[in-house]
6 protein chains.
Amino acid sequence: MKSKFHEFLKEDIGSGDITSELVVPESMRAKGTIICKEPCILAGVEEACMVFLELGVKVTSHKKDGVRVKKGDKVLVVSGRARSILAGERLALNIIMRMSGIATLTRSLADKCKKVNPNVRVAATRKTTPGFRDFEKKAVLIGGGDPHRMGLYDAILIKNNHIRLAGGVKEAMRRAKRGSFTKKIEIEVESADQALAALESGADIIMLDNFKPEDAKKLAKILKMARPDILIEASGGIRPDNIEKYAASADIVSLGSLTHSFRSIDFSMKVEQT
Amino acid sequence: MKSKFHEFLKEDIGSGDITSELVVPESMRAKGTIICKEPCILAGVEEACMVFLELGVKVTSHKKDGVRVKKGDKVLVVSGRARSILAGERLALNIIMRMSGIATLTRSLADKCKKVNPNVRVAATRKTTPGFRDFEKKAVLIGGGDPHRMGLYDAILIKNNHIRLAGGVKEAMRRAKRGSFTKKIEIEVESADQALAALESGADIIMLDNFKPEDAKKLAKILKMARPDILIEASGGIRPDNIEKYAASADIVSLGSLTHSFRSIDFSMKVEQT
Amino acid sequence: MKSKFHEFLKEDIGSGDITSELVVPESMRAKGTIICKEPCILAGVEEACMVFLELGVKVTSHKKDGVRVKKGDKVLVVSGRARSILAGERLALNIIMRMSGIATLTRSLADKCKKVNPNVRVAATRKTTPGFRDFEKKAVLIGGGDPHRMGLYDAILIKNNHIRLAGGVKEAMRRAKRGSFTKKIEIEVESADQALAALESGADIIMLDNFKPEDAKKLAKILKMARPDILIEASGGIRPDNIEKYAASADIVSLGSLTHSFRSIDFSMKVEQT
Amino acid sequence: MKSKFHEFLKEDIGSGDITSELVVPESMRAKGTIICKEPCILAGVEEACMVFLELGVKVTSHKKDGVRVKKGDKVLVVSGRARSILAGERLALNIIMRMSGIATLTRSLADKCKKVNPNVRVAATRKTTPGFRDFEKKAVLIGGGDPHRMGLYDAILIKNNHIRLAGGVKEAMRRAKRGSFTKKIEIEVESADQALAALESGADIIMLDNFKPEDAKKLAKILKMARPDILIEASGGIRPDNIEKYAASADIVSLGSLTHSFRSIDFSMKVEQT
Amino acid sequence: MKSKFHEFLKEDIGSGDITSELVVPESMRAKGTIICKEPCILAGVEEACMVFLELGVKVTSHKKDGVRVKKGDKVLVVSGRARSILAGERLALNIIMRMSGIATLTRSLADKCKKVNPNVRVAATRKTTPGFRDFEKKAVLIGGGDPHRMGLYDAILIKNNHIRLAGGVKEAMRRAKRGSFTKKIEIEVESADQALAALESGADIIMLDNFKPEDAKKLAKILKMARPDILIEASGGIRPDNIEKYAASADIVSLGSLTHSFRSIDFSMKVEQT
Amino acid sequence: MKSKFHEFLKEDIGSGDITSELVVPESMRAKGTIICKEPCILAGVEEACMVFLELGVKVTSHKKDGVRVKKGDKVLVVSGRARSILAGERLALNIIMRMSGIATLTRSLADKCKKVNPNVRVAATRKTTPGFRDFEKKAVLIGGGDPHRMGLYDAILIKNNHIRLAGGVKEAMRRAKRGSFTKKIEIEVESADQALAALESGADIIMLDNFKPEDAKKLAKILKMARPDILIEASGGIRPDNIEKYAASADIVSLGSLTHSFRSIDFSMKVEQT
C-alpha cells in the first residue's frame, strides 16, 4: 500500500504546499499531536503512521487500532521537520476520521447482533469509495466485522444480473462449478424457489436478498436442515434499526451503509515548535 | 482523470471477474440501465459514462448532472459486452451514489443559506476521501457549492498551526506576502484580535474559526466596514441546524461534513441480454 | 492487462527500434503472418492480438486459443504500418510461444490423468515467472488445467512454514477460521497425522505434500470416508512420468513444472509489403 | 529495477496475504533459509536479496551469483518480521530457480563450445519472457554467456523481414549506415550471396541464419579472409546436441532456448520463529 | 518530486550503465566533486543531492542554492559506490547547469529592474520545458523572480483566446467571477479599451500584452488611479535590453525567455577512488 | 512516448484548467492555428499532433518536420472541443518552440561544417533536459545531426573518470572488451599518449577531448594512418565560432550546447469558435 500513500500525498500537495513553504522556515522542527475529539473505536492509526513515515517524520502511537478512545485522548505523536508534519496532517486525519467512523459503526452493529446470535458476522459489501477500498475494508475488520470479498477476483458471487443472463439459478450454478476448486460459490437469491435451486446445485453460501425478516428466518431454517454446513447471508434493506431481526437466523448480515453512509469521527492535530 | 478510472477498475477487478468469466459467455451482449432509487440531486453521470467508455461500452445518459431526479428515474443506459457491463457496474454505482449524496446535501444547505443571504457561498474543505477528492469537490460544485482550494498548492491558507509556528498573525502574514502575486492570502483566526491583525496585514480572506454566530456577525460587520472588499469565511462547528445563523453575515460558510459525513443515495443497475 | 502490453513493448522498444527506423520507410504498409512451426495446443492468440492493437495494427486471427494446430498453420494475420508490425513481432511471438508451450504440456498431462480419473483436475502453482503470472495461469486454463489460486490474496493456503510458526495444524486451522467466510481453507500436510488433524479442524481442502502414490491413495480414501465433500490435492514431486499414479486417488494434482520448466513452441512471423 | 520488485510483489500479494495475516501474529519475528535442492550454477541471489530488502527484511547471502552449488547448500539467510519473510518467499524462489536454470544451461553450453573454440561466445536472443528480460539476460551473463542486444534500441540488427521490406541486402545496409556512428550494424543472412553482399556493404557482424554446420564453416572462412575483423554469428536451429559444430567456426553462437525452454532449478525456503 | 528523480535516472540508465559495469569494479568506492566552471548564481544543489540520495550515495553540499559562486568553486562532494556516483553524474550536472543558468539570468534582470523600481517583480511564464517545470520555476524563485502560476490549475488567467471565445472582456470576466472565491482573476489585454473594461469588471491583475513601454506607462497610471490595489503585469516582447522601460511602471514584468532561451552554466564532476 | 504526453499534460493541467472551465462553454467547438513567428527549421510537429490527439482533438499539419519555414507560415490546424484545444495549446507550443530551436541550431552548424568536410557529423551529447531527452535528440536528427548515444545503456563510452578509476587507458579498454560483441567501444582521451594507447587497445571510436584544433588535426591524421576505419570525434570547447576548425579533420564533432543552450523559436496559436 506504500504507493497509495505517495499518491494520496500528491493529491493534496501537488506542486507544493505554498503556505508552509512561505510561512514556516525550512529547518524548523516540530512536534505534532493527534487528539480524538469524540468517543469512538479507533482505526487508521497504522495508516496515519505510514503517512508520516513516507514523509520522513518519526511517529509514536499512543493508542492501537481497535481500542475504544474518548474525547481528548492523545492518539499519535509525531516529530520532525515542521513542513513535513504539516504536509501530512490533513491526509493522516482524513484517514483516521473515516476509518474510525467505519470501525465505530461496525462495532455498534456487531455488538447489537451478537446479543441475538453470538456467531453471526456483520459484513461489508463492495459499496466502498473508489480507490479507498483497502482502508474501508480494514476498518470493518477492526470494528469486528467481516470484510466479505475484496473485489471481483477473490470469490464467486452470482448476483441476480448473472442469473438473468445465464437463464436461471441452476444453469448459473452449473457454469460456476467449472471454476477453480480453490473458490467458494455464493449466490444471491430473491425467492424461496431460487434458494432451493441454489441449495440443490451445491452453493456454498446463499445470500437472501431483500427478504422480510420472518421470511428469511423460515427459509434459513429449511436450508440449514437440508444442508447444515451451508452458510446463509442476509442482505438488502438491512438498517441499524432492523439488523437484529436478520441477525437471529443468518450466519452473516451484510450492509453497504457500513462503508457508504457512515459518519466520520472528529480528530485534530496540534503542531508546536521543538 | 482517465487513469483514475483505470486504477479504480483495477481495484475491483484485480486478476479478473471470476464470476462473470464463468457464468456469462464471452460473446454475449447486453443492455444495462441505471435507475435512481430515491429523490436526489444527480451527480456523477459524466464519471459513470467514463467508467463504461474505459471498458469499451456505449453509454446514453438520460439525465444530466445537477438535475433533480426522483425514485424510478432512468439515469443511464449502456450497451455492449455483457461481461464489460458487469465489470463496470459496481464502480459506476459507487461513484454516482457518493457524488449524488454530496450534491444533494450541498444543494439543501445552499438553498437554506440563500434564503437568509442570496450571495453567500457554501464551501467544502480538504476533508475529502484520499484519492477521491476531485470527484467529491466536483459534486460540491454540481450541488451549487464552492469547492474551496483543491489542495495545498492552489491557494495560501494560513491556519492556526502556521500562526503558532510563525509567532503570530502579523509575522505569518508578512511572510506569506512574499509569495507569488498570483495567489490570494486567506488566514484562519480564532479571536477578534487575530482578525484585526489579519485585516491590518492585508489578508484577502479571513476565516472565522469556531466563532459563535453572534460573535461572527459582529466581527464581520467591523471587518467589512474597515475594508469592504475583504471576504469573510465562517468555519468550524457549522452544522445543518445552525448554518443559517452563520450564512447571514459571512461571504462563505464552509463545512467538512459535506464530504466526510454525507449519506450516499441508492441507485441500482439492471442488466439484460440483447 | 492493457498496461501490461504497454510495459512489455517498452521493455523491447525502449528509446526506439533503431533498425526499423533506418531501414523501413515511415509510410510503408505491410502484412504480417504468424505461422506455427510445430504441433501444439494454441494459446496466447488473444494476447498477441492485443499487442498489435496497442500498436494501432489491425489483426485477424485464423485460429482460436485452445485448438490443436499443426506445423505450417496460419495463426494470425496483421496489417498496418510496417514499422509498427515489426515493433510488435517479437513480443507477440514471445507470448504465443510460451503460452502455447504451457497449454500443450497441461493438455498432455490432463489427458493422461483423465484416463485414470475423469474428474481429476491438473492444477498449476504460484511458481510462475514474476510479472507474467496472468498469462501463464491463463495458458494452464486453456490447456484444460485449473489455475489454482492466483496469489496470496484469493484463497487461504496454510503451508508447512505456517504450521511451524503457528505451532501445529490445529492451532493454524483455528486461526485461519477467523478469516472471512468467503474463503475456503486449504492446508498442506506432510503426514497422515497432520492430515487427520486438518480433517478434524474443518479444512476444505487437504494438500498431501510429497507423499508416495500408494500412501496418498490410502490416506485419501480414509479422508473421503470421513468427509465425502473434502477435496484432496496431491502435490510435490509430481512429474509427467508419475502423475497418473497420483491422479487416480486425488481430486487435484498440482505441479510447478507446468509453469517453470515447460518447453516453448516455435512460431515465426513473415512480414511483406502491401 | 527497484520498482520491478515492488510490482512483482504486488502481483503475488495483491490485496493482502490472507493466510499469513490470519495464522502468523503481526509481531512474530523469524529466520528464513533458502536451500539449494540440486547442483547448479547459482544466479539470482542479488535479486532475491532485493526482494527481501524491499520488504524490510535483513539478508545475508552465503553464496555468490555465478558459483557452482550442490544439493543442500545454504544460499541465503533472512531475518525479520515473519509475515514479511513469508510475503517474499515465493517471489525470491521464483527468481532464483529461473535465473539459476538459465545460468546452469548457459554454463554447460559455454563449456562445451569452449572446448572446440576458446574464443567463442554463447549468446542469448530477444526470446525472453515479457517483463522479465533484464533478469534472464543477467542470468546468461552469470552463466558465462553474452546477453546480445537488450532490445530494439541498443544495436542495429537487420533481419530477413527488414531485408525483404528494403528490397535487398545492399539497400538495407545503405540505409542502416545513415544511423548513428555509435552503433554497430549486424545483418542476418540466409545464403552465401547475401553474406557476400553484407560483407561488401560494410556490416560489422554477419549472422548466418539456419546454415548447416559445414556450410557455415566454409562461408565463415571466406568472410574472415576478406575482412579479418568481421564477426560471424551462427544462429537458428542450434541445439545442445549440435552447438559444438557451429562453435568451431563462429565468433558467436546464439540460441533462443537459453531463455525460452530452460529447466528451473529447485530451491526451497524454511522459515522458523526466532 | 522523488519519483521524478527515479524517472530521470531511468531515462539515462535504461537497461544499465554498460560502461561502468564493465570498467569499474562493483565494490569500488569513490569520491566525486562537482566544481563550477564559470561565475553564476547557484541553483539545483538540493536537487543534485536528491539524485545521489536516490542512488544511495552520501552528499555534502559546500554551497547553498542562491549564492553567487565563481569559477573553481567546489559545490558538492559525494561519496559511495563508484558505479552509483557515475550513474548519477550526468543527471546531477544536467540539473545544476540548467537551474543555475535560469537563476543567473533571473537575478541579472531582477537587479536591473529593481534599480528603476524596487518593488517590481520579474516573473516567469508557462513556457517551460515539458516535464521539468517544477525545476525551472524553482530556479526562477532562487534567482529572485516570481514563478507566476504553476499551471492551468492554480490561478485564473483570461488570455486573448479566451476573450475571443467568450465574446469580449466583460463577458469573460462575468463568467470567471463565478469561480471559487479562493482564486484571483488575471486578464490579458491588448488595448486601453480592454484594460478599462477589465478594470470595471473587477479584475485583480491586468496583464498589458505587447504594449509599447510609453503606452504601458500611461495606461498603468490611469488604472492605478482608478483602483490603487490593482496589479499591473507587463508582458510580451520584453527582452533584457528593454525590460527596464517596462519595469518602471508595472508591478510585474514577465518574460518567457527566462525558461525557454537561457544559457546553461558549465559545471563538471571529478571522480576519484577512495 | 504516448504516456509522456499524458504526463506533460498533467503537469500543466493538474486538477483542472480553471480558466477555460469557467469562461469557455463545455460544448463550444473551435479551430486552432499554430503559426511560426520567425524563420527556422521546423521540428516537433509530430509531437504537437500527438498532444492534440491525446486530447481527442483533430489535427492537420501544413508543414513537415525538417522543412525551412518563415514568419507567418501556418504549421498546424486543429479542430475540436474549444476547452481541449486550449488545454493542449501551451504544451504543443512548448514542444515545437524547443525542438525547432534545436533543429535550427543543428542545421546551421551542420551546414557550416559540411562546407569544410562533407562527411563530418555534428553530434549531440547527453547534456539534455531531464525527462525531455527523446525530444531533444530527435530535434538534433531533424536538424541533420547525429543523436550520439541515447543514454548509458546503448554504447560503451569510457570517459576520463572511468580511465582514472580503472588505472589507465589500456586497463580500461581491456575490461571494456569483455562486454557484449554487439556494442562499439568509444574512449575519451586528453592527450596524444592516451590516444595511441586507445588505438593499440582496439577502440572503435576515439574522442579527442578539449584538444586545440591544430593538435586534433595532427593526431587524427596519425590515428587514421594507423587504422583507417577508426572514427575520430572532436569534443569539448567546441563553439559555433570554432566548430569548422575541428570539422575539417574529425569524423564527428560533438557539442553539448545543441541541447543545453539553444534559443527557442517563437510560435503562437490562435483559437476561434467554429
# chains A, B, ... in the order shown; residues from 1 in each chain; ligands from 1
call {"tool": "closest_atom_pairs", "arguments": {"of": "chain B", "to": "chain C", "cutoff": "10 Å", "atoms": "only C-alpha atoms", "output": "CSV"}}
result
residue,atom,partner,partner_atom,distance
B:His6,CA,C:Ser3,CA,9.5
B:Lys10,CA,C:Met1,CA,9.2
B:Gly14,CA,C:Met1,CA,9.6
B:Ser15,CA,C:Asp134,CA,7.2
B:Gly16,CA,C:Asp134,CA,9.3
call {"tool": "residues_around", "arguments": {"residues": "stretch 88-98 of chain E", "least_positions_apart": "5", "cutoff": "8 Å", "atoms": "only C-alpha atoms", "output": "CSV table (one decimal) with C-alpha atoms, in the first residue's frame"}}
result
chain,number,residue,atom,x,y,z
E,8,PHE,CA,15.1,10.9,-14.8
E,9,LEU,CA,17.7,8.3,-13.8
E,12,ASP,CA,19.7,7.9,-18.7
E,42,LEU,CA,24.0,28.7,-8.0
E,43,ALA,CA,20.8,26.7,-8.2
E,44,GLY,CA,19.9,23.0,-8.3
E,45,VAL,CA,22.1,21.9,-5.4
E,47,GLU,CA,18.1,18.5,-6.5
E,48,ALA,CA,21.6,17.2,-7.2
E,49,CYS,CA,21.7,16.0,-3.6
E,51,VAL,CA,19.7,12.5,-7.3
E,52,PHE,CA,22.6,11.0,-5.3
E,55,LEU,CA,21.3,6.2,-5.6
E,136,GLU,CA,12.6,25.7,-13.8
E,263,ARG,CA,22.3,29.7,-21.4
E,264,SER,CA,23.3,26.8,-19.2
E,265,ILE,CA,26.2,27.2,-16.8
E,266,ASP,CA,29.2,24.9,-17.1
E,267,PHE,CA,29.9,22.5,-14.2
E,268,SER,CA,32.0,19.3,-14.1
E,269,MET,CA,32.5,16.4,-11.8
F,126,ARG,CA,23.9,13.5,-23.0
F,127,LYS,CA,23.6,17.2,-21.8
F,128,THR,CA,19.9,17.2,-22.3
F,129,THR,CA,17.0,18.3,-20.2
F,130,PRO,CA,16.0,15.6,-17.7
F,260,HIS,CA,21.6,22.9,-23.3
call {"tool": "select_by_dssp", "arguments": {"residues": "stretch 66-242 of chain D", "states": "strand (DSSP E)", "output": "short mmCIF file (atom, residue, chain, number, x, y, z; two decimals) with all heavy atoms, in the first residue's frame"}}
result
data_model
loop_
_atom_site.label_atom_id
_atom_site.label_comp_id
_atom_site.auth_asym_id
_atom_site.auth_seq_id
_atom_site.Cartn_x
_atom_site.Cartn_y
_atom_site.Cartn_z
N ARG D 68 29.26 -22.51 -8.37
CA ARG D 68 28.61 -23.82 -8.53
C ARG D 68 28.17 -24.26 -7.13
O ARG D 68 28.99 -24.26 -6.20
CB ARG D 68 29.62 -24.80 -9.12
CG ARG D 68 29.02 -26.04 -9.73
CD ARG D 68 30.08 -26.90 -10.44
NE ARG D 68 30.59 -26.31 -11.66
CZ ARG D 68 30.00 -26.43 -12.86
NH1 ARG D 68 28.89 -27.13 -12.97
NH2 ARG D 68 30.51 -25.85 -13.92
N VAL D 69 26.91 -24.58 -6.94
CA VAL D 69 26.43 -25.05 -5.63
C VAL D 69 25.88 -26.46 -5.77
O VAL D 69 25.58 -26.92 -6.87
CB VAL D 69 25.34 -24.12 -5.03
CG1 VAL D 69 25.93 -22.78 -4.67
CG2 VAL D 69 24.18 -23.95 -6.01
N LYS D 74 23.29 -23.96 1.69
CA LYS D 74 22.56 -22.81 2.20
C LYS D 74 22.94 -21.61 1.32
O LYS D 74 24.12 -21.29 1.17
CB LYS D 74 23.02 -22.55 3.63
CG LYS D 74 22.09 -21.75 4.48
CD LYS D 74 22.68 -21.48 5.85
CE LYS D 74 22.62 -22.72 6.75
NZ LYS D 74 22.99 -22.39 8.16
N VAL D 75 21.97 -20.96 0.74
CA VAL D 75 22.26 -19.89 -0.20
C VAL D 75 22.08 -18.51 0.42
O VAL D 75 22.89 -17.60 0.22
CB VAL D 75 21.34 -20.04 -1.44
CG1 VAL D 75 21.41 -18.81 -2.31
CG2 VAL D 75 21.72 -21.28 -2.22
N LEU D 76 21.03 -18.39 1.20
CA LEU D 76 20.64 -17.07 1.70
C LEU D 76 19.95 -17.26 3.04
O LEU D 76 19.14 -18.17 3.19
CB LEU D 76 19.63 -16.46 0.71
CG LEU D 76 19.43 -14.96 0.71
CD1 LEU D 76 20.64 -14.30 0.03
CD2 LEU D 76 18.19 -14.59 -0.08
N VAL D 77 20.26 -16.38 4.00
CA VAL D 77 19.53 -16.40 5.26
C VAL D 77 18.91 -15.02 5.46
O VAL D 77 19.60 -14.00 5.30
CB VAL D 77 20.45 -16.77 6.44
CG1 VAL D 77 19.69 -16.67 7.76
CG2 VAL D 77 20.98 -18.19 6.24
N VAL D 78 17.65 -15.00 5.80
CA VAL D 78 16.98 -13.71 6.01
C VAL D 78 16.38 -13.68 7.40
O VAL D 78 16.08 -14.72 7.98
CB VAL D 78 15.85 -13.49 4.97
CG1 VAL D 78 16.39 -13.59 3.56
CG2 VAL D 78 14.72 -14.47 5.17
N SER D 79 16.22 -12.48 7.96
CA SER D 79 15.60 -12.39 9.27
C SER D 79 14.81 -11.10 9.40
O SER D 79 15.20 -10.05 8.89
CB SER D 79 16.66 -12.46 10.37
OG SER D 79 17.53 -11.37 10.27
N GLY D 80 13.68 -11.21 10.09
CA GLY D 80 12.83 -10.03 10.24
C GLY D 80 11.43 -10.47 10.63
O GLY D 80 11.24 -11.51 11.23
N ARG D 81 10.43 -9.63 10.27
CA ARG D 81 9.03 -9.98 10.57
C ARG D 81 8.67 -11.26 9.83
O ARG D 81 8.92 -11.37 8.62
CB ARG D 81 8.09 -8.87 10.14
CG ARG D 81 8.10 -7.64 11.06
CD ARG D 81 7.11 -6.59 10.56
NE ARG D 81 5.74 -7.04 10.71
CZ ARG D 81 4.84 -7.11 9.71
NH1 ARG D 81 5.18 -6.74 8.50
NH2 ARG D 81 3.61 -7.53 9.93
N ARG D 121 31.68 -17.08 -28.19
CA ARG D 121 30.72 -16.62 -27.19
C ARG D 121 29.39 -17.31 -27.44
O ARG D 121 28.92 -17.38 -28.59
CB ARG D 121 30.49 -15.12 -27.29
CG ARG D 121 31.72 -14.29 -26.94
CD ARG D 121 31.43 -12.82 -27.13
NE ARG D 121 32.62 -12.03 -26.80
CZ ARG D 121 32.61 -10.91 -26.09
NH1 ARG D 121 31.47 -10.41 -25.67
NH2 ARG D 121 33.73 -10.27 -25.83
N VAL D 122 28.76 -17.76 -26.35
CA VAL D 122 27.40 -18.30 -26.44
C VAL D 122 26.46 -17.17 -26.09
O VAL D 122 26.55 -16.60 -24.99
CB VAL D 122 27.21 -19.49 -25.48
CG1 VAL D 122 25.76 -19.93 -25.45
CG2 VAL D 122 28.12 -20.64 -25.89
N ALA D 123 25.58 -16.81 -27.01
CA ALA D 123 24.75 -15.62 -26.80
C ALA D 123 23.26 -15.95 -26.75
O ALA D 123 22.81 -16.92 -27.37
CB ALA D 123 25.00 -14.61 -27.91
N ILE D 156 21.88 -2.23 -34.04
CA ILE D 156 21.16 -2.39 -35.30
C ILE D 156 21.30 -3.85 -35.72
O ILE D 156 22.41 -4.36 -35.82
CB ILE D 156 21.75 -1.46 -36.38
CG1 ILE D 156 21.56 0.01 -35.96
CG2 ILE D 156 21.12 -1.72 -37.75
CD1 ILE D 156 22.26 1.01 -36.85
N LEU D 157 20.18 -4.51 -35.92
CA LEU D 157 20.20 -5.89 -36.39
C LEU D 157 19.16 -6.01 -37.51
O LEU D 157 17.94 -5.98 -37.27
CB LEU D 157 19.90 -6.88 -35.25
CG LEU D 157 19.72 -8.36 -35.62
CD1 LEU D 157 20.69 -8.85 -36.68
CD2 LEU D 157 19.86 -9.23 -34.38
N ILE D 158 19.67 -6.12 -38.73
CA ILE D 158 18.80 -6.20 -39.90
C ILE D 158 18.41 -7.66 -40.10
O ILE D 158 19.27 -8.50 -40.33
CB ILE D 158 19.55 -5.67 -41.15
CG1 ILE D 158 20.03 -4.22 -40.90
CG2 ILE D 158 18.67 -5.74 -42.38
CD1 ILE D 158 21.00 -3.71 -41.95
N ILE D 185 26.51 -2.42 -36.90
CA ILE D 185 25.44 -2.92 -37.77
C ILE D 185 25.62 -4.43 -37.94
O ILE D 185 26.65 -4.89 -38.42
CB ILE D 185 25.46 -2.24 -39.15
CG1 ILE D 185 25.31 -0.72 -38.98
CG2 ILE D 185 24.35 -2.80 -40.03
CD1 ILE D 185 25.36 0.05 -40.29
N GLU D 186 24.59 -5.17 -37.51
CA GLU D 186 24.59 -6.61 -37.71
C GLU D 186 23.50 -6.94 -38.71
O GLU D 186 22.46 -6.28 -38.76
CB GLU D 186 24.31 -7.34 -36.39
CG GLU D 186 24.17 -8.85 -36.58
CD GLU D 186 24.20 -9.66 -35.27
OE1 GLU D 186 24.15 -9.04 -34.19
OE2 GLU D 186 24.30 -10.89 -35.35
N ILE D 187 23.74 -7.96 -39.52
CA ILE D 187 22.74 -8.35 -40.50
C ILE D 187 22.62 -9.87 -40.53
O ILE D 187 23.62 -10.59 -40.45
CB ILE D 187 23.04 -7.75 -41.90
CG1 ILE D 187 21.92 -8.09 -42.90
CG2 ILE D 187 24.39 -8.19 -42.43
CD1 ILE D 187 21.93 -7.20 -44.13
N GLU D 188 21.37 -10.32 -40.62
CA GLU D 188 21.07 -11.75 -40.66
C GLU D 188 20.98 -12.19 -42.12
O GLU D 188 20.22 -11.58 -42.87
CB GLU D 188 19.73 -11.96 -39.95
CG GLU D 188 19.19 -13.36 -39.93
CD GLU D 188 17.78 -13.40 -39.33
OE1 GLU D 188 17.64 -13.46 -38.10
OE2 GLU D 188 16.80 -13.34 -40.12
N VAL D 189 21.73 -13.20 -42.50
CA VAL D 189 21.67 -13.64 -43.91
C VAL D 189 21.29 -15.12 -43.98
O VAL D 189 21.53 -15.89 -43.05
CB VAL D 189 23.02 -13.41 -44.63
CG1 VAL D 189 23.37 -11.93 -44.65
CG2 VAL D 189 24.13 -14.23 -43.97
N ILE D 205 28.83 -7.19 -38.20
CA ILE D 205 28.58 -8.56 -37.76
C ILE D 205 27.65 -9.21 -38.78
O ILE D 205 26.66 -8.60 -39.21
CB ILE D 205 27.87 -8.59 -36.38
CG1 ILE D 205 28.57 -7.65 -35.40
CG2 ILE D 205 27.79 -10.02 -35.84
CD1 ILE D 205 27.77 -7.37 -34.14
N ILE D 206 27.95 -10.45 -39.15
CA ILE D 206 27.07 -11.18 -40.06
C ILE D 206 26.52 -12.40 -39.32
O ILE D 206 27.27 -13.18 -38.76
CB ILE D 206 27.81 -11.60 -41.35
CG1 ILE D 206 28.17 -10.35 -42.15
CG2 ILE D 206 26.95 -12.55 -42.19
CD1 ILE D 206 28.91 -10.62 -43.45
N MET D 207 25.20 -12.46 -39.27
CA MET D 207 24.57 -13.61 -38.62
C MET D 207 24.16 -14.62 -39.69
O MET D 207 23.35 -14.32 -40.57
CB MET D 207 23.32 -13.16 -37.85
CG MET D 207 22.62 -14.33 -37.15
SD MET D 207 20.93 -13.91 -36.68
CE MET D 207 21.24 -12.84 -35.28
N LEU D 208 24.72 -15.82 -39.58
CA LEU D 208 24.38 -16.87 -40.52
C LEU D 208 23.19 -17.63 -39.94
O LEU D 208 23.32 -18.32 -38.93
CB LEU D 208 25.58 -17.81 -40.72
CG LEU D 208 26.88 -17.13 -41.15
CD1 LEU D 208 28.00 -18.17 -41.32
CD2 LEU D 208 26.70 -16.33 -42.44
N ASP D 209 22.05 -17.46 -40.57
CA ASP D 209 20.81 -17.99 -40.00
C ASP D 209 20.44 -19.33 -40.62
O ASP D 209 20.24 -19.42 -41.84
CB ASP D 209 19.68 -16.98 -40.23
CG ASP D 209 18.41 -17.39 -39.52
OD1 ASP D 209 18.50 -17.92 -38.40
OD2 ASP D 209 17.32 -17.19 -40.10
N LEU D 231 32.74 -9.99 -37.55
CA LEU D 231 32.29 -11.00 -36.59
C LEU D 231 31.23 -11.89 -37.22
O LEU D 231 30.33 -11.39 -37.91
CB LEU D 231 31.72 -10.33 -35.33
CG LEU D 231 32.72 -9.58 -34.46
CD1 LEU D 231 32.00 -8.87 -33.32
CD2 LEU D 231 33.79 -10.53 -33.90
N ILE D 232 31.35 -13.20 -36.97
CA ILE D 232 30.39 -14.16 -37.53
C ILE D 232 29.58 -14.76 -36.38
O ILE D 232 30.12 -15.29 -35.42
CB ILE D 232 31.13 -15.31 -38.27
CG1 ILE D 232 32.06 -14.76 -39.32
CG2 ILE D 232 30.11 -16.31 -38.86
CD1 ILE D 232 31.40 -13.97 -40.42
N GLU D 233 28.25 -14.62 -36.50
CA GLU D 233 27.36 -15.21 -35.51
C GLU D 233 26.55 -16.31 -36.17
O GLU D 233 25.91 -16.10 -37.19
CB GLU D 233 26.42 -14.12 -34.96
CG GLU D 233 25.37 -14.68 -34.01
CD GLU D 233 24.49 -13.58 -33.39
OE1 GLU D 233 24.81 -12.38 -33.54
OE2 GLU D 233 23.47 -13.93 -32.77
N ALA D 234 26.57 -17.49 -35.57
CA ALA D 234 25.74 -18.58 -36.08
C ALA D 234 24.47 -18.63 -35.24
O ALA D 234 24.51 -18.53 -34.01
CB ALA D 234 26.49 -19.90 -35.98
N SER D 235 23.32 -18.77 -35.92
CA SER D 235 22.05 -18.74 -35.20
C SER D 235 21.02 -19.56 -35.96
O SER D 235 21.17 -19.84 -37.14
CB SER D 235 21.58 -17.29 -35.06
OG SER D 235 20.51 -17.19 -34.17
#
call {"tool": "residues_around", "arguments": {"residues": "C:Ile230", "least_positions_apart": "3", "cutoff": "10 Å", "atoms": "only C-alpha atoms", "output": "list in words"}}
result
Leu199, Gly202, Ala203, Asp204, Ile205, Ile206, Ala220, Leu223, Lys224, Met225, Ala226, Arg227, Glu233 and Asp251 of chain C
call {"tool": "atom_distance", "arguments": {"atom1": "atom CA of F:Ser27", "atom2": "atom CA of B:Val57"}}
result
22.3 Å
call {"tool": "residues_around", "arguments": {"residues": "B:Lys245", "least_positions_apart": "4", "cutoff": "9 Å", "atoms": "only C-alpha atoms", "output": "PyMOL selection string"}}
result
chain B and resi 113+116+213-214+217+241+249
call {"tool": "write_last_selection", "arguments": {"atoms": "N, CA, C and O atoms", "output": "PDB file, in the first residue's frame"}}
result
ATOM      1  N   CYS B 113     -29.219  28.453   3.050  1.00  0.00           N
ATOM      2  CA  CYS B 113     -28.403  29.653   3.289  1.00  0.00           C
ATOM      3  C   CYS B 113     -28.825  30.813   2.409  1.00  0.00           C
ATOM      4  O   CYS B 113     -28.818  31.972   2.830  1.00  0.00           O
ATOM      5  N   VAL B 116     -31.400  33.322   3.601  1.00  0.00           N
ATOM      6  CA  VAL B 116     -31.019  34.414   4.513  1.00  0.00           C
ATOM      7  C   VAL B 116     -29.960  35.332   3.907  1.00  0.00           C
ATOM      8  O   VAL B 116     -29.778  36.464   4.355  1.00  0.00           O
ATOM      9  N   PRO B 213     -22.240  32.283  16.394  1.00  0.00           N
ATOM     10  CA  PRO B 213     -22.874  33.037  15.311  1.00  0.00           C
ATOM     11  C   PRO B 213     -22.919  34.545  15.584  1.00  0.00           C
ATOM     12  O   PRO B 213     -22.581  35.350  14.717  1.00  0.00           O
ATOM     13  N   GLU B 214     -23.304  34.927  16.818  1.00  0.00           N
ATOM     14  CA  GLU B 214     -23.450  36.370  17.080  1.00  0.00           C
ATOM     15  C   GLU B 214     -22.079  37.072  17.078  1.00  0.00           C
ATOM     16  O   GLU B 214     -21.946  38.194  16.583  1.00  0.00           O
ATOM     17  N   LYS B 217     -20.976  37.510  13.538  1.00  0.00           N
ATOM     18  CA  LYS B 217     -21.749  38.572  12.901  1.00  0.00           C
ATOM     19  C   LYS B 217     -21.166  39.953  13.205  1.00  0.00           C
ATOM     20  O   LYS B 217     -20.926  40.766  12.320  1.00  0.00           O
ATOM     21  N   ASP B 241     -28.038  22.344  11.207  1.00  0.00           N
ATOM     22  CA  ASP B 241     -29.051  23.015  12.027  1.00  0.00           C
ATOM     23  C   ASP B 241     -28.646  24.419  12.495  1.00  0.00           C
ATOM     24  O   ASP B 241     -29.440  25.129  13.084  1.00  0.00           O
ATOM     25  N   SER B 249     -24.222  36.535   7.892  1.00  0.00           N
ATOM     26  CA  SER B 249     -23.210  37.598   7.973  1.00  0.00           C
ATOM     27  C   SER B 249     -21.892  37.284   7.279  1.00  0.00           C
ATOM     28  O   SER B 249     -20.978  38.107   7.273  1.00  0.00           O
TER      29      SER B 249
END
